[in-house]
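Visitor: Input structure: run_15.cif, which contains mmCIF, C-alpha atoms.
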data_my_file
#
loop_
_atom_site.label_atom_id
_atom_site.label_comp_id
_atom_site.auth_asym_id
_atom_site.auth_seq_id
_atom_site.Cartn_x
_atom_site.Cartn_y
_atom_site.Cartn_z
CA MET A 7 20.96 -14.14 -15.55
CA PHE A 8 17.24 -14.70 -16.16
CA MET A 9 14.98 -17.67 -15.64
CA ASN A 10 11.63 -17.03 -17.31
CA ASP A 11 12.48 -13.31 -17.48
CA THR A 12 13.10 -13.16 -13.74
CA PRO A 13 16.36 -11.43 -12.82
CA LYS A 14 18.94 -13.17 -10.65
CA LEU A 15 19.56 -10.89 -7.68
CA SER A 16 22.66 -10.62 -5.53
CA ASP A 17 22.26 -10.55 -1.75
CA ALA A 18 22.68 -6.76 -1.73
CA GLU A 19 20.15 -6.35 -4.54
CA TRP A 20 17.66 -8.40 -2.50
CA GLU A 21 18.09 -5.88 0.33
CA VAL A 22 17.27 -2.98 -2.00
CA MET A 23 14.39 -4.80 -3.67
CA ASN A 24 12.86 -5.69 -0.29
CA VAL A 25 12.66 -1.96 0.49
CA VAL A 26 11.09 -1.21 -2.89
CA TRP A 27 8.61 -4.11 -2.67
CA LYS A 28 7.55 -2.97 0.79
CA LYS A 29 7.27 0.78 0.20
CA PHE A 30 6.79 1.55 -3.51
CA PRO A 31 6.71 4.05 -5.06
CA VAL A 32 9.93 5.08 -3.36
CA THR A 33 12.68 7.63 -4.06
CA ALA A 34 16.38 6.80 -4.00
CA ASN A 35 16.72 8.90 -0.83
CA GLU A 36 13.97 6.89 0.85
CA VAL A 37 15.74 3.65 -0.06
CA VAL A 38 19.02 5.08 1.27
CA ALA A 39 17.35 6.19 4.53
CA ASN A 40 15.65 2.83 5.02
CA LEU A 41 18.84 0.84 4.42
CA ALA A 42 20.92 3.20 6.58
CA ARG A 43 19.16 1.69 9.58
CA GLN A 44 20.37 -1.79 8.63
CA LYS A 45 23.53 -1.35 6.54
CA SER A 46 26.48 1.00 6.50
CA TRP A 47 26.14 1.68 2.78
CA LYS A 48 26.84 5.13 1.39
CA PRO A 49 24.13 6.79 -0.75
CA GLY A 50 26.23 6.23 -3.88
CA THR A 51 26.32 2.50 -3.19
CA VAL A 52 22.52 2.30 -2.94
CA LYS A 53 22.15 4.35 -6.14
CA THR A 54 24.53 1.95 -7.90
CA PHE A 55 22.32 -0.95 -6.83
CA LEU A 56 19.23 0.89 -8.07
CA LYS A 57 20.94 1.39 -11.45
CA ARG A 58 21.87 -2.30 -11.63
CA LEU A 59 18.31 -3.29 -10.80
CA LEU A 60 17.02 -1.00 -13.55
CA ASP A 61 19.50 -2.61 -15.98
CA LYS A 62 18.30 -6.06 -14.92
CA LYS A 63 14.71 -4.92 -15.46
CA ALA A 64 13.81 -5.68 -11.85
CA LEU A 65 12.84 -2.04 -11.34
CA ARG A 66 11.25 0.75 -13.30
CA PHE A 67 10.89 4.40 -12.47
CA ASP A 68 8.57 7.30 -13.07
CA LEU A 69 9.87 10.85 -13.19
CA GLU A 70 7.91 13.18 -10.92
CA GLY A 71 9.39 16.67 -11.17
CA LYS A 72 13.06 16.10 -10.38
CA ARG A 73 12.43 12.92 -8.42
CA TYR A 74 12.69 9.36 -9.64
CA LEU A 75 10.03 7.15 -8.11
CA TYR A 76 11.06 3.50 -8.18
CA ARG A 77 8.62 0.63 -8.50
CA PRO A 78 9.20 -3.11 -8.85
CA LYS A 79 8.94 -4.44 -12.36
CA VAL A 80 8.92 -8.02 -11.10
CA ALA A 81 6.90 -9.48 -8.23
CA ARG A 82 8.72 -10.59 -5.10
CA GLU A 83 7.00 -13.98 -5.30
CA LYS A 84 8.41 -14.55 -8.78
CA CYS A 85 11.96 -13.80 -7.58
CA VAL A 86 11.49 -16.05 -4.54
CA ARG A 87 10.26 -18.86 -6.78
CA MET A 88 13.24 -18.53 -9.13
CA GLU A 89 15.74 -18.30 -6.27
CA SER A 90 14.15 -21.32 -4.57
CA ARG A 91 14.41 -23.39 -7.76
CA SER A 92 18.03 -22.34 -8.20
CA PHE A 93 18.87 -23.22 -4.58
CA LEU A 94 17.09 -26.56 -4.84
CA GLU A 95 19.01 -27.46 -8.01
CA ARG A 96 22.42 -26.32 -6.71
CA VAL A 97 22.28 -27.72 -3.19
CA PHE A 98 19.89 -30.67 -3.34
CA ARG A 99 20.21 -31.61 -7.03
CA GLY A 100 16.55 -30.77 -7.54
CA ALA A 101 15.24 -33.16 -4.88
CA ALA A 102 12.66 -31.38 -2.73
CA ALA A 103 12.12 -34.10 -0.09
CA PRO A 104 15.71 -34.11 1.24
CA MET A 105 15.63 -30.31 1.39
CA LEU A 106 12.36 -30.30 3.35
CA VAL A 107 13.60 -32.98 5.74
CA HIS A 108 16.81 -31.03 6.30
CA PHE A 109 15.02 -27.77 7.11
CA VAL A 110 12.37 -29.39 9.31
CA LYS A 111 15.08 -31.17 11.33
CA LYS A 112 17.43 -28.18 11.59
CA THR A 113 14.98 -25.30 12.10
CA ARG A 114 13.02 -24.28 15.15
CA LEU A 115 9.36 -24.25 14.27
CA ALA A 116 6.51 -22.65 16.18
CA PRO A 117 3.43 -24.80 16.81
CA LEU A 118 1.47 -22.84 14.19
CA GLU A 119 4.21 -23.43 11.62
CA ILE A 120 4.16 -27.16 12.37
CA GLU A 121 0.38 -27.21 11.91
CA GLU A 122 0.71 -25.37 8.60
CA ILE A 123 3.27 -27.92 7.38
CA LYS A 124 1.01 -30.78 8.45
CA GLN A 125 -1.91 -29.24 6.55
CA ILE A 126 0.16 -28.77 3.41
CA LEU A 127 1.39 -32.37 3.57
CA ALA A 128 -2.16 -33.65 4.15
CA GLU A 129 -3.31 -31.74 1.05
CA LYS A 130 -0.40 -33.20 -0.93
CA GLU A 131 -1.40 -36.73 0.14
CA LYS A 132 -4.85 -36.20 -1.38
CA CYS A 133 -3.40 -35.41 -4.81
#
Show me the file's structure as C-alpha cells.
Guide:
Amino acid sequence: MFMNDTPKLSDAEWEVMNVVWKKFPVTANEVVANLARQKSWKPGTVKTFLKRLLDKKALRFDLEGKRYLYRPKVAREKCVRMESRSFLERVFRGAAAPMLVHFVKKTRLAPLEIEEIKQILAEKEKC
C-alpha cells in the first residue's frame, strides 16, 4: 500500500484528497458540498472515504468544538510522484522515454507547454 510511507490512493480517494489539498482545513460537510458539484456521492460515501484516508494516514484531523477539521498528512506532490512511478513501472516497464514520446505524440499541447518541454529537455542535455 505504501511506497516510502506514501499511501496508494484509489481514484475516488484522489477526488477527496484534491478537495482537502485545495481547501484545508476543511470539514466533512465542506468536502461533501464541494464534491456534490462534481459527483453524485451521498454524504455517507464521502465520510467513508475520509475514514479510509485517515486509516491510510493520508489525512489527519483536529477537533474544534464538535467539528472535525481535516488536513492532509501527505503532500500532493509526494502522492503524484509515487503514482507516477507506479504508472511508469506498470505501463512502460520503468522506461521514461517511451512514455514521454507517447504523451507528446498523443496529447494536444499549447505553445507555452511545448516551450516548457523544450526548456526541460535543454536542461537535461546539459547534465
Visitor: Can you list, as a PyMOL selection string, every protein, DNA or RNA residue that comes within 10 Å of stretch 73-85 of chain A when you count all atoms listed in the file, leaving out same-chain residues fewer than 5 positions away?
Guide: chain A and resi 9-15+20+23-24+26-37+56+59-60+62-68+90-91
Visitor: For the residues in the current selection, export C-alpha atoms as a CSV table (one decimal), keeping the file's coordinate frame.
Guide:
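Saved result, again_22.csv, follows:
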chain,number,residue,atom,x,y,z
A,9,MET,CA,15.0,-17.7,-15.6
A,10,ASN,CA,11.6,-17.0,-17.3
A,11,ASP,CA,12.5,-13.3,-17.5
A,12,THR,CA,13.1,-13.2,-13.7
A,13,PRO,CA,16.4,-11.4,-12.8
A,14,LYS,CA,18.9,-13.2,-10.6
A,15,LEU,CA,19.6,-10.9,-7.7
A,20,TRP,CA,17.7,-8.4,-2.5
A,23,MET,CA,14.4,-4.8,-3.7
A,24,ASN,CA,12.9,-5.7,-0.3
A,26,VAL,CA,11.1,-1.2,-2.9
A,27,TRP,CA,8.6,-4.1,-2.7
A,28,LYS,CA,7.6,-3.0,0.8
A,29,LYS,CA,7.3,0.8,0.2
A,30,PHE,CA,6.8,1.6,-3.5
A,31,PRO,CA,6.7,4.0,-5.1
A,32,VAL,CA,9.9,5.1,-3.4
A,33,THR,CA,12.7,7.6,-4.1
A,34,ALA,CA,16.4,6.8,-4.0
A,35,ASN,CA,16.7,8.9,-0.8
A,36,GLU,CA,14.0,6.9,0.8
A,37,VAL,CA,15.7,3.6,-0.1
A,56,LEU,CA,19.2,0.9,-8.1
A,59,LEU,CA,18.3,-3.3,-10.8
A,60,LEU,CA,17.0,-1.0,-13.6
A,62,LYS,CA,18.3,-6.1,-14.9
A,63,LYS,CA,14.7,-4.9,-15.5
A,64,ALA,CA,13.8,-5.7,-11.8
A,65,LEU,CA,12.8,-2.0,-11.3
A,66,ARG,CA,11.2,0.8,-13.3
A,67,PHE,CA,10.9,4.4,-12.5
A,68,ASP,CA,8.6,7.3,-13.1
A,90,SER,CA,14.2,-21.3,-4.6
A,91,ARG,CA,14.4,-23.4,-7.8
Visitor: Go ahead and compute the interatomic distance for atom CA of A:Arg43 and atom CA of A:Val86, in Å to one decimal.
Guide: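 Interatomic distance here is 23.9 Å.
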Visitor: Tell me, as a list in words, which residues lie within 12 Å of A:Phe109, counting all atoms listed in the file; anything in the same chain fewer than 6 positions away does not count.
Guide: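 Residues near the query, excluding close chain neighbours: Phe98, Ala102, Ala103, Leu115 and Ile123 of chain A.
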Visitor: Could you jot down the atom CA of A:Gly50 to atom CA of A:Val38 separation for me, Å, one decimal place?
Guide: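 That distance, rounded to one decimal, is 8.9 Å.
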Visitor: Considering only C-alpha atoms, return as a PDB file with C-alpha atoms, in the coordinates of the input whatever protein or nucleic-acid residues lie within 10 Å of A:Val52, sequence-local ones (same chain, fewer than 3 positions apart) excluded.
Guide:
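Saved result, around.pdb, follows:
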ATOM      1  CA  ALA A  18      22.680  -6.760  -1.730  1.00  0.00           C
ATOM      2  CA  GLU A  19      20.150  -6.350  -4.540  1.00  0.00           C
ATOM      3  CA  GLU A  21      18.090  -5.880   0.330  1.00  0.00           C
ATOM      4  CA  VAL A  22      17.270  -2.980  -2.000  1.00  0.00           C
ATOM      5  CA  ALA A  34      16.380   6.800  -4.000  1.00  0.00           C
ATOM      6  CA  ASN A  35      16.720   8.900  -0.830  1.00  0.00           C
ATOM      7  CA  VAL A  37      15.740   3.650  -0.060  1.00  0.00           C
ATOM      8  CA  VAL A  38      19.020   5.080   1.270  1.00  0.00           C
ATOM      9  CA  ALA A  39      17.350   6.190   4.530  1.00  0.00           C
ATOM     10  CA  LEU A  41      18.840   0.840   4.420  1.00  0.00           C
ATOM     11  CA  ALA A  42      20.920   3.200   6.580  1.00  0.00           C
ATOM     12  CA  TRP A  47      26.140   1.680   2.780  1.00  0.00           C
ATOM     13  CA  LYS A  48      26.840   5.130   1.390  1.00  0.00           C
ATOM     14  CA  PRO A  49      24.130   6.790  -0.750  1.00  0.00           C
ATOM     15  CA  PHE A  55      22.320  -0.950  -6.830  1.00  0.00           C
ATOM     16  CA  LEU A  56      19.230   0.890  -8.070  1.00  0.00           C
ATOM     17  CA  LYS A  57      20.940   1.390 -11.450  1.00  0.00           C
ATOM     18  CA  ARG A  58      21.870  -2.300 -11.630  1.00  0.00           C
TER      19      ARG A  58
END
Visitor: When you draw a straight line from atom CA of A:Glu129 to atom CA of A:Arg114, how long is it in Å?
Guide: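 A separation of 22.8 Å between them.
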Visitor: Using all atoms of stretch 88-100 of chain A that appear in the file, construct an axis-aligned enclosing box with 8 Å of padding on every side and provide its centre coordinates and edge lengths in Å, rounded to one decimal, as AutoDock Vina command-line options.
Guide:
--center_x 17.8 --center_y -25.0 --center_z -6.2 --size_x 25.2 --size_y 29.3 --size_z 21.9
